[in-house]
Amino acid sequence: MTLVDVAPPPKAMRLVDHFELGLDAPICLTWELTYACNLSCVHCLSSSGRRDPRELSTEECKAVIDELERMQVFYVNIGGGEPTVRSDFWELVEYATAHHVGVKFSTNGVKITPEVATRLAANDYVDVQISLDGATPEVNDHVRGPGSYDTAIRAMRNLSDAGMRNFKLSVVCTRQNIPQLEEFKEIADRYGAQLRLTRLRPSGRGADVWDELHPTREQQRELYDWLVAHGDDVLTGDSFFHLSAYGQALPGLNLCGAGRVVCLIDPIGDVYACPFAIHDEFLAGNVRGEGGFRTVWRDSALFAELRSPQSGGACSSCRFFDTCKGGCMAAKFFTGLPLDGPDPECVQGYGEQLLAQRAETTSIPKHAGDHSHRTSPPRPRSGIGPVRLTLTRREDLAAPPVSACAEDPLAGFTAPAASDLASSEPGADRRHQGGTRSDLA
Amino acid sequence: MTAVEPDTAWRLHPQVSVRPEPFGALLYHFGTRKLSFLKDRTLLTVVQGLADAATAREACEAAGVAAEHLPTYLRALGTLAESKMLEERAA
C-alpha cells in the first residue's frame, strides 16, 4: 500500500478520517460462498460445516459480481466454509476475473490438485490463500482436524510447482502457534508464498475455544515485536491494530473497517458489517433485496451509524486511544463487553479487568445460524481432558450388594468355581483393557 | 523517491484500475496486488490525463497545476512510477 500525498500537511483531514466516514464502495469485501466445509475447525468464525439450502444460486452470484464490477470493487476475498466445494466455484472465479473483479480465495487446499494449480498460476487476477494454523501437524491438526496439515502442504507444493508466486500462507495466531512464527516464515519461503498472520476472534465456534486459544499477554507482545521487525514482508489484513498501543503503529490503515471500507456477504446473501460479526446486531441487509448490494452498502441505517463519529467511551481518556481506537468491535461483542470500551485483549490490560468483572448474569451474544456438522463426533481436545477413573471392586465386599427386594433365588449365593468361569469369558480381557485405557488417557 | 522528468511521457499501467473517491482516488494494481491512495483530486486529473498528454509537464498544466507546484506533482508521479502504477512510454 502506498500513500501518494502531493501537498505536505497541514491538511484538514487525514486519509483514515475519510475512511472512517465510509467510501462509495468497499475497498475489498469478504464473500463467503458456502457454509459447506470438509473440515470442522474448532475456531471457525462462521460456524461452517453444512451447506445452507438458501445459498445464492450461480445466477444470483453472477448478478452480485456484475454489481461489484459497476461499483469498481477491485477484488473480493472469497471464503466459506470451503468455497472450492461449490460445484460452480471455478465458473464463478472465471466470471469474476473476466468482469474485472479480482479474486483472492481462502482454502484449506483440498481441491488444489496439480491441474488446478496450473490453471490458477495462469490467471493474474486470482490469488490463493492457504489456511494453516500450526507449523507442525500436531499444532495444526489439533485445531483444524486430522490430515489437514498434509492437505495444506500438498496444496502449497502444487502451487509452487505450477509456478504460482506470492500466494498467501494464512495463519490465525493462537497461544499454541505463536512460538512457531519463524517456522511459518520458513514454510512460506520454501514454497515462494507470502506469510499472512491474522487475529483469532471469538466469533462463530471461535467463541467456544477463545479462552483456550487466544494468545497470552506476553505472546501479544512477542507477536507485536515480530510484526514490527518483519514490517511489510508479512501481511496482517490490518487485524492487529489493537497492538499498536504498544508504541509504533503497525503497517496498514489501523482502523476498524467494518461497514466503512469492508463488509461481508454471507452464503445466503446477508450483508454484515464484517466477517467476524455474523449476528443480527451487525446485519445491514441482503443482496436479494431491492437495489441489491449497492443499496445496502450506501443506504443501510447500520452502516450509516458505523460511519458516524464514534465515541471512545471508557477508552477516550486513555492516551493510546488514537492508535488502537478501542480495538475490535466483534471481539468485544462476542465476549460480552461494551462496544465503547476496551478490547478484551487490550494491551494495557483494561479488557482483562472488564472480563473478570463481567457479572455471572452477563449474557454473551450467540452467533446467528450455526452450520456446524451435526454428524461428525466431536474430536478429543485438551482443556479439562478425559475424566480419569479406575474401575476396581471394593475390597470389603465379596459379592455385589444385594438389595432388599432382590428376587433372584441365587442372591447372595457364591458358587465356588464362579471366578474361574468368569475369567474364561472371552470378553473379560477386553473389558479390563478398556478400564486401563481410561486410566492412562 | 525520485520525481519524474517533466519532459518524459507516461501512462497508467494497463493492469491498474482507478476509482475516484471524494478525497481523491483509489488505485489498484492487479499484477502487484498493491493499493495506492491519491489524496488529491487534481493529482487524479493529472494521472488520468497522462496517456493523452505529450509529457508529464503538459499533463500537469492541463490539470491546472500552477508552475510553483509542478515539482510536488512530479514527485507524486515519481512515487506512482516506483510502485509500477505508471509506466513510461515513448515521448
# chains A, B, ... in the order shown; residues from 1 in each chain; ligands from 1

call {"tool": "residues_around", "arguments": {"residues": "B:Leu26", "least_positions_apart": "3", "cutoff": "9 Å", "atoms": "only C-alpha atoms", "output": "count of residues only"}}
result
11

call {"tool": "residues_around", "arguments": {"residues": "A:Ser372", "least_positions_apart": "5", "cutoff": "12 Å", "atoms": "only C-alpha atoms", "output": "number ranges by chain"}}
result
A: 35-52, 81, 204-205, 367, 377-378

call {"tool": "atom_distance", "arguments": {"atom1": "atom CA of A:Lys62", "atom2": "atom CA of A:Leu33"}}
result
11.8 Å

call {"tool": "interface_residues", "arguments": {"of": "chain B", "to": "chain A", "cutoff": "12 Å", "atoms": "only C-alpha atoms", "output": "ChimeraX atom specification"}}
result
/B:1,3,15-44,46-47,65,69-85

call {"tool": "write_last_selection", "arguments": {"atoms": "N, CA and C atoms", "output": "compact mmCIF listing (two decimals), in the first residue's frame"}}
result
# COMPACT_ATOMS: atom_id res chain seq x y z
N MET B 1 12.52 8.61 -3.08
CA MET B 1 11.52 8.90 -4.10
C MET B 1 12.07 9.92 -5.08
N ALA B 3 11.51 12.26 -8.49
CA ALA B 3 10.45 12.85 -9.31
C ALA B 3 10.63 12.41 -10.76
N GLN B 15 -2.65 -2.78 -16.08
CA GLN B 15 -3.29 -3.62 -15.06
C GLN B 15 -3.76 -2.78 -13.85
N VAL B 16 -3.72 -1.47 -13.98
CA VAL B 16 -4.14 -0.62 -12.87
C VAL B 16 -5.57 -0.12 -13.08
N SER B 17 -6.34 -0.22 -12.02
CA SER B 17 -7.71 0.26 -12.05
C SER B 17 -7.83 1.47 -11.13
N VAL B 18 -8.55 2.49 -11.58
CA VAL B 18 -8.67 3.74 -10.83
C VAL B 18 -10.11 3.95 -10.39
N ARG B 19 -10.31 4.23 -9.13
CA ARG B 19 -11.67 4.51 -8.65
C ARG B 19 -11.68 5.86 -7.95
N PRO B 20 -12.34 6.86 -8.56
CA PRO B 20 -12.43 8.16 -7.92
C PRO B 20 -13.22 8.07 -6.61
N GLU B 21 -12.78 8.82 -5.62
CA GLU B 21 -13.46 8.91 -4.33
C GLU B 21 -13.49 10.38 -3.95
N PRO B 22 -14.35 10.76 -3.00
CA PRO B 22 -14.44 12.18 -2.65
C PRO B 22 -13.09 12.80 -2.27
N PHE B 23 -12.20 12.03 -1.65
CA PHE B 23 -10.92 12.60 -1.20
C PHE B 23 -9.86 12.59 -2.28
N GLY B 24 -10.10 11.91 -3.40
CA GLY B 24 -9.08 11.74 -4.43
C GLY B 24 -9.39 10.49 -5.22
N ALA B 25 -8.61 9.45 -5.02
CA ALA B 25 -8.90 8.21 -5.73
C ALA B 25 -8.18 7.02 -5.10
N LEU B 26 -8.70 5.85 -5.41
CA LEU B 26 -8.03 4.60 -5.06
C LEU B 26 -7.47 4.01 -6.35
N LEU B 27 -6.24 3.52 -6.27
CA LEU B 27 -5.63 2.84 -7.41
C LEU B 27 -5.32 1.42 -6.99
N TYR B 28 -5.65 0.47 -7.84
CA TYR B 28 -5.33 -0.91 -7.52
C TYR B 28 -4.61 -1.55 -8.70
N HIS B 29 -3.47 -2.17 -8.41
CA HIS B 29 -2.69 -2.83 -9.44
C HIS B 29 -2.94 -4.33 -9.36
N PHE B 30 -3.56 -4.89 -10.39
CA PHE B 30 -3.92 -6.30 -10.35
C PHE B 30 -2.70 -7.22 -10.45
N GLY B 31 -1.60 -6.69 -10.97
CA GLY B 31 -0.41 -7.53 -11.07
C GLY B 31 0.34 -7.61 -9.76
N THR B 32 0.60 -6.46 -9.13
CA THR B 32 1.33 -6.45 -7.87
C THR B 32 0.40 -6.61 -6.68
N ARG B 33 -0.91 -6.51 -6.92
CA ARG B 33 -1.94 -6.55 -5.88
C ARG B 33 -1.70 -5.49 -4.81
N LYS B 34 -1.23 -4.34 -5.25
CA LYS B 34 -1.00 -3.24 -4.30
C LYS B 34 -2.05 -2.16 -4.51
N LEU B 35 -2.35 -1.52 -3.39
CA LEU B 35 -3.33 -0.46 -3.40
C LEU B 35 -2.60 0.86 -3.17
N SER B 36 -2.99 1.91 -3.88
CA SER B 36 -2.45 3.23 -3.60
C SER B 36 -3.60 4.21 -3.43
N PHE B 37 -3.35 5.25 -2.68
CA PHE B 37 -4.36 6.27 -2.47
C PHE B 37 -3.87 7.58 -3.03
N LEU B 38 -4.67 8.23 -3.84
CA LEU B 38 -4.35 9.60 -4.26
C LEU B 38 -5.13 10.52 -3.34
N LYS B 39 -4.41 11.39 -2.66
CA LYS B 39 -5.08 12.23 -1.67
C LYS B 39 -5.50 13.57 -2.25
N ASP B 40 -5.65 13.65 -3.52
CA ASP B 40 -5.88 14.94 -4.13
C ASP B 40 -6.57 14.75 -5.47
N ARG B 41 -7.65 15.50 -5.69
CA ARG B 41 -8.41 15.37 -6.93
C ARG B 41 -7.63 15.86 -8.16
N THR B 42 -6.81 16.89 -7.95
CA THR B 42 -6.02 17.41 -9.07
C THR B 42 -5.03 16.35 -9.55
N LEU B 43 -4.42 15.65 -8.59
CA LEU B 43 -3.49 14.59 -8.95
C LEU B 43 -4.21 13.52 -9.77
N LEU B 44 -5.47 13.25 -9.39
CA LEU B 44 -6.26 12.28 -10.16
C LEU B 44 -6.41 12.74 -11.61
N VAL B 46 -4.43 14.72 -13.23
CA VAL B 46 -3.13 14.59 -13.87
C VAL B 46 -2.92 13.15 -14.35
N VAL B 47 -3.15 12.20 -13.42
CA VAL B 47 -2.91 10.78 -13.72
C VAL B 47 -3.79 10.34 -14.90
N VAL B 65 -2.30 22.66 -12.70
CA VAL B 65 -1.27 22.75 -11.66
C VAL B 65 -0.44 24.02 -11.90
N HIS B 69 3.86 24.66 -8.11
CA HIS B 69 3.53 23.35 -7.52
C HIS B 69 3.98 22.19 -8.39
N LEU B 70 4.51 22.52 -9.58
CA LEU B 70 4.88 21.45 -10.51
C LEU B 70 5.82 20.40 -9.90
N PRO B 71 6.89 20.83 -9.18
CA PRO B 71 7.80 19.83 -8.60
C PRO B 71 7.09 18.84 -7.67
N THR B 72 6.13 19.35 -6.87
CA THR B 72 5.39 18.49 -5.94
C THR B 72 4.66 17.38 -6.71
N TYR B 73 4.01 17.80 -7.80
CA TYR B 73 3.25 16.82 -8.57
C TYR B 73 4.16 15.83 -9.30
N LEU B 74 5.30 16.31 -9.76
CA LEU B 74 6.23 15.40 -10.44
C LEU B 74 6.80 14.38 -9.44
N ARG B 75 6.95 14.80 -8.18
CA ARG B 75 7.40 13.85 -7.15
C ARG B 75 6.33 12.80 -6.89
N ALA B 76 5.07 13.26 -6.84
CA ALA B 76 3.96 12.32 -6.61
C ALA B 76 3.91 11.29 -7.75
N LEU B 77 4.12 11.77 -8.97
CA LEU B 77 4.13 10.84 -10.11
C LEU B 77 5.31 9.86 -9.98
N GLY B 78 6.44 10.38 -9.43
CA GLY B 78 7.60 9.52 -9.21
C GLY B 78 7.27 8.36 -8.28
N THR B 79 6.53 8.67 -7.21
CA THR B 79 6.13 7.63 -6.27
C THR B 79 5.28 6.57 -6.97
N LEU B 80 4.36 7.03 -7.80
CA LEU B 80 3.49 6.10 -8.52
C LEU B 80 4.28 5.26 -9.51
N ALA B 81 5.30 5.86 -10.12
CA ALA B 81 6.13 5.12 -11.07
C ALA B 81 6.93 4.04 -10.34
N GLU B 82 7.42 4.39 -9.14
CA GLU B 82 8.20 3.42 -8.36
C GLU B 82 7.37 2.21 -7.99
N SER B 83 6.10 2.40 -7.69
CA SER B 83 5.26 1.26 -7.32
C SER B 83 4.61 0.65 -8.57
N LYS B 84 5.11 0.97 -9.73
CA LYS B 84 4.69 0.39 -11.01
C LYS B 84 3.25 0.71 -11.40
N MET B 85 2.67 1.73 -10.77
CA MET B 85 1.33 2.14 -11.14
C MET B 85 1.36 2.85 -12.51

call {"tool": "residues_around", "arguments": {"residues": "stretch 194-201 of chain A", "least_positions_apart": "3", "cutoff": "10 Å", "atoms": "only C-alpha atoms", "output": "ChimeraX atom specification"}}
result
/A:43-45,129-131,133,165-175,181,184-189,191,204-207,209-210,213-215,223,227,233-241,276-277,328,330-332,334-335
